[in-house]
Amino acid sequence: MQHPSKLPNIETTIFSTMSKLSNKHNAINLSQGFPNFESDQKLTDLVSKAMNSGYNHYAPMAGNLELREAISKKITLLYNTSYHPENEIIVTAGATQAIFTIITTFINPNDEVIIFRPAYDSYEPAITLNGGKTVSVQLEAPDFKVDWNDVKAKVNGKTKMIIINTPHNPSGTVFSKEDMSQLEEITRNTNIIVLSDEVYEHMIFDEEKHQSACLFPGLKSRSFVVASFCKTFHNTGWRIGYCCAPKELMEEFMKVHQFNVFCVHHPTQKGIADYMQDPNRYLGLSAFYQEKRNLFLNLIKDSRFKFTPSKGTYFQVLDYSEITKEYDVDFAKRLTIESGIASIPLSVFNSNNLDNKVLRFCFAKTDDTLRKAAEILNSI
């Protein structure tokens with residue numbers, strides 16, 4: 001029996017493809033975005049303590065209240081604004097679940113959603129599954145800046161949502177205050193919802209400031225801000241994140257959330273709530289990753305790869321145009337097979353597979369791993 005696919009054009013993700021190839025050829029895996037070091041033992045101990053203390057049944061649907069209160073305090077500390085922990089913050093099964101649920105809650109057939117490419121690969125399938133239409137704004141290498149005139153031209157009566165991602169995966173750029181002000185102005189006097197994917201908010205470099213959507217009153221009133229504990233605390237397998245939004249938007253989100261996951265792993269929520277009582281556990285993350293970025297780039301500064309230092313995330317884009325004119329997917333695969341280092345080609349995230357001859361490398365790795373990776377890149 002055959003059934004028509006709801007995602008007929010979707011193939012295995014590039015992340016799975018490159019990681020599988022990396023494992024097969026015993027390559028250094030700088031493709032998928034995960035640390036190869038452990039999270040703080042203190043956090044693991046707090047989660048274990050929560051299990052041993054009886055936090056083993058359903059959490060409240062919106063999440064453990066202590067955790068929501070900790071999130072609210074963090075936002076006030078960082079951005080001098082607030083979300084009410086009882087009705088404006090929800091703990092989710094990772095940021096991707098939050099994103100999927102937001103899109104499912106608000107996107108109806110023929111609604112248009114603007115995304116910026118290269119775009120994280122979960123956005124468009126979620127839009128498609130809900131009958132929406134993806135409208136792409138292409139960011140051009142090497143600076144990946146937004147052409148806001150292009151955005152204005154694509155906004156119309158069918159535009160239901162704009163999805164932004166800052167710090168931006170996969171390019172490592174960040175939206176400036178001016179970028180956010182432009183978005184605020186474009187959406188003024190509209191019913192457009194903004195989905196602000198801010199999972200790398202604590203990884204921003206060179207004294208840049210993270211311009212969260214919640215900092216801008218005209219955006220905060222229409223935005224979902226999505227964040228990730230998995231990225232922040234080095235445990236991507238835990239799949240726990242959260243989103244914040246005004247009460248009236250969150251009430252609609254909850255209607256879908258309750259029939260999707262209902263709630264997420266309770267002892268992990270309790271453990272993270274306790275862990276977050278010390279703000280230094282997330283405030284020090286930018287310096288931690290900037291040191292790794294600097295080490296990586298210093299080690300490869302004499303290679304044939306060109307680069308602009310990443311401004312955020314734990315990814316670095318390298319331009320290989322002086323090495324070969326190969327299609328980026330082919331070059332990434334060849335690097336994995338022949339040189340023993342895996343990366344992610346950016347064309348798969350672009351409109352019409354635009355190939356800018358760049359690859360994304362993850363530097364959330366031990367210093368030893370980065371040194372071994374640099375040796376390979378310097379030899380190419």
# chains A, B, ... in the order shown; residues from 1 in each chain; ligands from 1

call {"tool": "residues_around", "arguments": {"residues": "segment 66-83 of chain A", "least_positions_apart": "6", "cutoff": "12 Å", "atoms": "only C-alpha atoms", "output": "VMD selection string"}}
result
chain A and resid 59 to 60 89 to 92 201 to 202 209 to 217 220 to 221 223 to 229 240 to 247 250 266 to 283

call {"tool": "residues_around", "arguments": {"residues": "segment 350-366 of chain A", "least_positions_apart": "3", "cutoff": "8 Å", "atoms": "only C-alpha atoms", "output": "ChimeraX atom specification"}}
result
/A:30-37,117-119,136,138,141,170-171,289,292-293,296,314-321,325-328,332,342-347,369-370

call {"tool": "closest_residue", "arguments": {"among": "A:Ser122, A:Ser379, A:Asn64, A:Asn87", "to": "Phe15 of chain A", "atoms": "only C-alpha atoms"}}
result
A:Ser122

call {"tool": "atom_distance", "arguments": {"atom1": "atom CA of Thr236 of chain A", "atom2": "atom CA of Glu38 of chain A"}}
result
10.3 Å

call {"tool": "closest_residue", "arguments": {"among": "A:Arg222, A:Lys311, A:Lys42, A:Lys133", "to": "Asn169 of chain A", "atoms": "only C-alpha atoms"}}
result
A:Lys311

call {"tool": "atom_distance", "arguments": {"atom1": "atom CA of Ala126 of chain A", "atom2": "atom CA of Phe100 of chain A"}}
result
5.8 Å

call {"tool": "closest_residue", "arguments": {"among": "A:Thr159, A:Gln97, A:Thr187, A:Gln2", "to": "Phe262 of chain A", "atoms": "only C-alpha atoms"}}
result
A:Gln97

call {"tool": "select_by_dssp", "arguments": {"residues": "segment 166-196 of chain A", "states": "helix (DSSP H, G or I)", "output": "VMD selection string"}}
result
chain A and resid 177 to 187

call {"tool": "closest_residue", "arguments": {"among": "A:Pro109, A:Gly218, A:Gly131, A:Gly157", "to": "Ser181 of chain A", "atoms": "only C-alpha atoms"}}
result
A:Gly218

call {"tool": "select_by_dssp", "arguments": {"residues": "segment 100-129 of chain A", "states": "strand (DSSP E or B)", "output": "list in words"}}
result
Glu112, Val113, Ile114, Ile115, Phe116 and Arg117 of chain A

call {"tool": "atom_distance", "arguments": {"atom1": "atom CA of Lys333 of chain A", "atom2": "atom CA of Ala373 of chain A"}}
result
15.5 Å

call {"tool": "closest_residue", "arguments": {"among": "A:His257, A:Ala27, A:Thr173, A:Ile102", "to": "Leu195 of chain A", "atoms": "only C-alpha atoms"}}
result
A:Ile102

call {"tool": "closest_residue", "arguments": {"among": "A:Gly54, A:Gly237, A:Pro8, A:Pro309", "to": "Asp143 of chain A", "atoms": "only C-alpha atoms"}}
result
A:Pro309

call {"tool": "decode", "arguments": {"residues": "segment 264-279 of chain A", "atoms": "all heavy atoms", "output": "mmCIF file, in the first residue's frame"}}
result
data_model
loop_
_atom_site.group_PDB
_atom_site.id
_atom_site.type_symbol
_atom_site.label_atom_id
_atom_site.label_comp_id
_atom_site.auth_asym_id
_atom_site.auth_seq_id
_atom_site.Cartn_x
_atom_site.Cartn_y
_atom_site.Cartn_z
ATOM 1 N N VAL A 264 7.734 17.772 29.819
ATOM 2 C CA VAL A 264 9.022 17.145 29.525
ATOM 3 C C VAL A 264 9.675 16.663 30.819
ATOM 4 O O VAL A 264 9.186 16.911 31.918
ATOM 5 C CB VAL A 264 9.950 18.091 28.733
ATOM 6 C CG1 VAL A 264 9.295 18.510 27.437
ATOM 7 C CG2 VAL A 264 10.305 19.340 29.549
ATOM 8 N N HIS A 265 10.797 15.988 30.682
ATOM 9 C CA HIS A 265 11.455 15.224 31.737
ATOM 10 C C HIS A 265 11.592 16.028 33.032
ATOM 11 O O HIS A 265 12.359 16.997 33.110
ATOM 12 C CB HIS A 265 12.828 14.794 31.221
ATOM 13 C CG HIS A 265 13.485 13.739 32.029
ATOM 14 N ND1 HIS A 265 14.564 13.984 32.851
ATOM 15 C CD2 HIS A 265 13.224 12.415 32.146
ATOM 16 C CE1 HIS A 265 14.957 12.872 33.428
ATOM 17 N NE2 HIS A 265 14.156 11.894 33.022
ATOM 18 N N HIS A 266 10.885 15.599 34.064
ATOM 19 C CA HIS A 266 10.758 16.393 35.288
ATOM 20 C C HIS A 266 12.062 16.512 36.080
ATOM 21 O O HIS A 266 12.445 17.621 36.490
ATOM 22 C CB HIS A 266 9.637 15.819 36.162
ATOM 23 C CG HIS A 266 9.131 16.788 37.175
ATOM 24 N ND1 HIS A 266 8.045 16.543 37.982
ATOM 25 C CD2 HIS A 266 9.555 18.037 37.544
ATOM 26 C CE1 HIS A 266 7.823 17.575 38.772
ATOM 27 N NE2 HIS A 266 8.730 18.489 38.532
ATOM 28 N N PRO A 267 12.799 15.421 36.335
ATOM 29 C CA PRO A 267 14.020 15.580 37.130
ATOM 30 C C PRO A 267 15.062 16.480 36.472
ATOM 31 O O PRO A 267 15.800 17.195 37.161
ATOM 32 C CB PRO A 267 14.534 14.151 37.318
ATOM 33 C CG PRO A 267 13.831 13.327 36.306
ATOM 34 C CD PRO A 267 12.522 13.997 36.040
ATOM 35 N N THR A 268 15.119 16.460 35.149
ATOM 36 C CA THR A 268 16.046 17.358 34.464
ATOM 37 C C THR A 268 15.653 18.813 34.697
ATOM 38 O O THR A 268 16.511 19.676 34.929
ATOM 39 C CB THR A 268 16.081 17.058 32.954
ATOM 40 O OG1 THR A 268 16.474 15.698 32.754
ATOM 41 C CG2 THR A 268 17.068 17.961 32.242
ATOM 42 N N GLN A 269 14.352 19.084 34.656
ATOM 43 C CA GLN A 269 13.896 20.453 34.904
ATOM 44 C C GLN A 269 14.279 20.914 36.305
ATOM 45 O O GLN A 269 14.769 22.043 36.505
ATOM 46 C CB GLN A 269 12.376 20.537 34.748
ATOM 47 C CG GLN A 269 11.876 20.304 33.334
ATOM 48 C CD GLN A 269 10.394 20.632 33.221
ATOM 49 O OE1 GLN A 269 9.960 21.734 33.531
ATOM 50 N NE2 GLN A 269 9.609 19.662 32.778
ATOM 51 N N LYS A 270 14.064 20.055 37.293
ATOM 52 C CA LYS A 270 14.394 20.407 38.672
ATOM 53 C C LYS A 270 15.902 20.618 38.834
ATOM 54 O O LYS A 270 16.346 21.577 39.488
ATOM 55 C CB LYS A 270 13.897 19.309 39.615
ATOM 56 C CG LYS A 270 14.377 19.417 41.062
ATOM 57 C CD LYS A 270 13.947 20.709 41.748
ATOM 58 C CE LYS A 270 14.369 20.685 43.224
ATOM 59 N NZ LYS A 270 14.200 22.001 43.871
ATOM 60 N N GLY A 271 16.683 19.739 38.245
ATOM 61 C CA GLY A 271 18.134 19.870 38.333
ATOM 62 C C GLY A 271 18.632 21.168 37.719
ATOM 63 O O GLY A 271 19.489 21.861 38.287
ATOM 64 N N ILE A 272 18.103 21.521 36.544
ATOM 65 C CA ILE A 272 18.518 22.757 35.884
ATOM 66 C C ILE A 272 18.063 23.969 36.698
ATOM 67 O O ILE A 272 18.800 24.962 36.815
ATOM 68 C CB ILE A 272 17.968 22.813 34.443
ATOM 69 C CG1 ILE A 272 18.662 21.753 33.573
ATOM 70 C CG2 ILE A 272 18.181 24.202 33.838
ATOM 71 C CD1 ILE A 272 18.110 21.644 32.165
ATOM 72 N N ALA A 273 16.873 23.904 37.272
ATOM 73 C CA ALA A 273 16.384 25.006 38.110
ATOM 74 C C ALA A 273 17.356 25.286 39.257
ATOM 75 O O ALA A 273 17.696 26.446 39.543
ATOM 76 C CB ALA A 273 14.997 24.681 38.656
ATOM 77 N N ASP A 274 17.817 24.230 39.903
ATOM 78 C CA ASP A 274 18.773 24.390 40.997
ATOM 79 C C ASP A 274 20.120 24.909 40.486
ATOM 80 O O ASP A 274 20.758 25.764 41.112
ATOM 81 C CB ASP A 274 18.964 23.065 41.736
ATOM 82 C CG ASP A 274 17.708 22.633 42.491
ATOM 83 O OD1 ASP A 274 16.850 23.496 42.770
ATOM 84 O OD2 ASP A 274 17.586 21.418 42.791
ATOM 85 N N TYR A 275 20.547 24.383 39.359
ATOM 86 C CA TYR A 275 21.837 24.761 38.780
ATOM 87 C C TYR A 275 21.869 26.238 38.393
ATOM 88 O O TYR A 275 22.903 26.908 38.519
ATOM 89 C CB TYR A 275 22.088 23.884 37.557
ATOM 90 C CG TYR A 275 23.470 23.961 36.960
ATOM 91 C CD1 TYR A 275 24.567 23.411 37.622
ATOM 92 C CD2 TYR A 275 23.675 24.544 35.716
ATOM 93 C CE1 TYR A 275 25.841 23.451 37.060
ATOM 94 C CE2 TYR A 275 24.942 24.593 35.153
ATOM 95 C CZ TYR A 275 26.019 24.052 35.827
ATOM 96 O OH TYR A 275 27.274 24.090 35.274
ATOM 97 N N MET A 276 20.745 26.764 37.919
ATOM 98 C CA MET A 276 20.681 28.152 37.450
ATOM 99 C C MET A 276 20.670 29.177 38.571
ATOM 100 O O MET A 276 20.704 30.384 38.297
ATOM 101 C CB MET A 276 19.451 28.351 36.564
ATOM 102 C CG MET A 276 19.558 27.703 35.198
ATOM 103 S SD MET A 276 18.072 27.950 34.213
ATOM 104 C CE MET A 276 18.114 29.726 33.935
ATOM 105 N N GLN A 277 20.649 28.736 39.814
ATOM 106 C CA GLN A 277 20.679 29.697 40.910
ATOM 107 C C GLN A 277 21.993 30.491 40.927
ATOM 108 O O GLN A 277 22.050 31.589 41.472
ATOM 109 C CB GLN A 277 20.460 28.979 42.244
ATOM 110 C CG GLN A 277 19.116 28.282 42.364
ATOM 111 C CD GLN A 277 17.935 29.193 42.022
ATOM 112 O OE1 GLN A 277 17.802 30.283 42.591
ATOM 113 N NE2 GLN A 277 17.093 28.744 41.098
ATOM 114 N N ASP A 278 23.018 29.940 40.290
ATOM 115 C CA ASP A 278 24.284 30.656 40.126
ATOM 116 C C ASP A 278 24.369 31.167 38.687
ATOM 117 O O ASP A 278 24.641 30.393 37.766
ATOM 118 C CB ASP A 278 25.458 29.723 40.427
ATOM 119 C CG ASP A 278 26.806 30.424 40.285
ATOM 120 O OD1 ASP A 278 26.839 31.612 39.904
ATOM 121 O OD2 ASP A 278 27.837 29.763 40.543
ATOM 122 N N PRO A 279 24.155 32.469 38.451
ATOM 123 C CA PRO A 279 24.148 33.006 37.082
ATOM 124 C C PRO A 279 25.464 32.816 36.338
ATOM 125 O O PRO A 279 25.477 32.816 35.095
ATOM 126 C CB PRO A 279 23.851 34.496 37.295
ATOM 127 C CG PRO A 279 23.205 34.583 38.633
ATOM 128 C CD PRO A 279 23.848 33.499 39.446
#
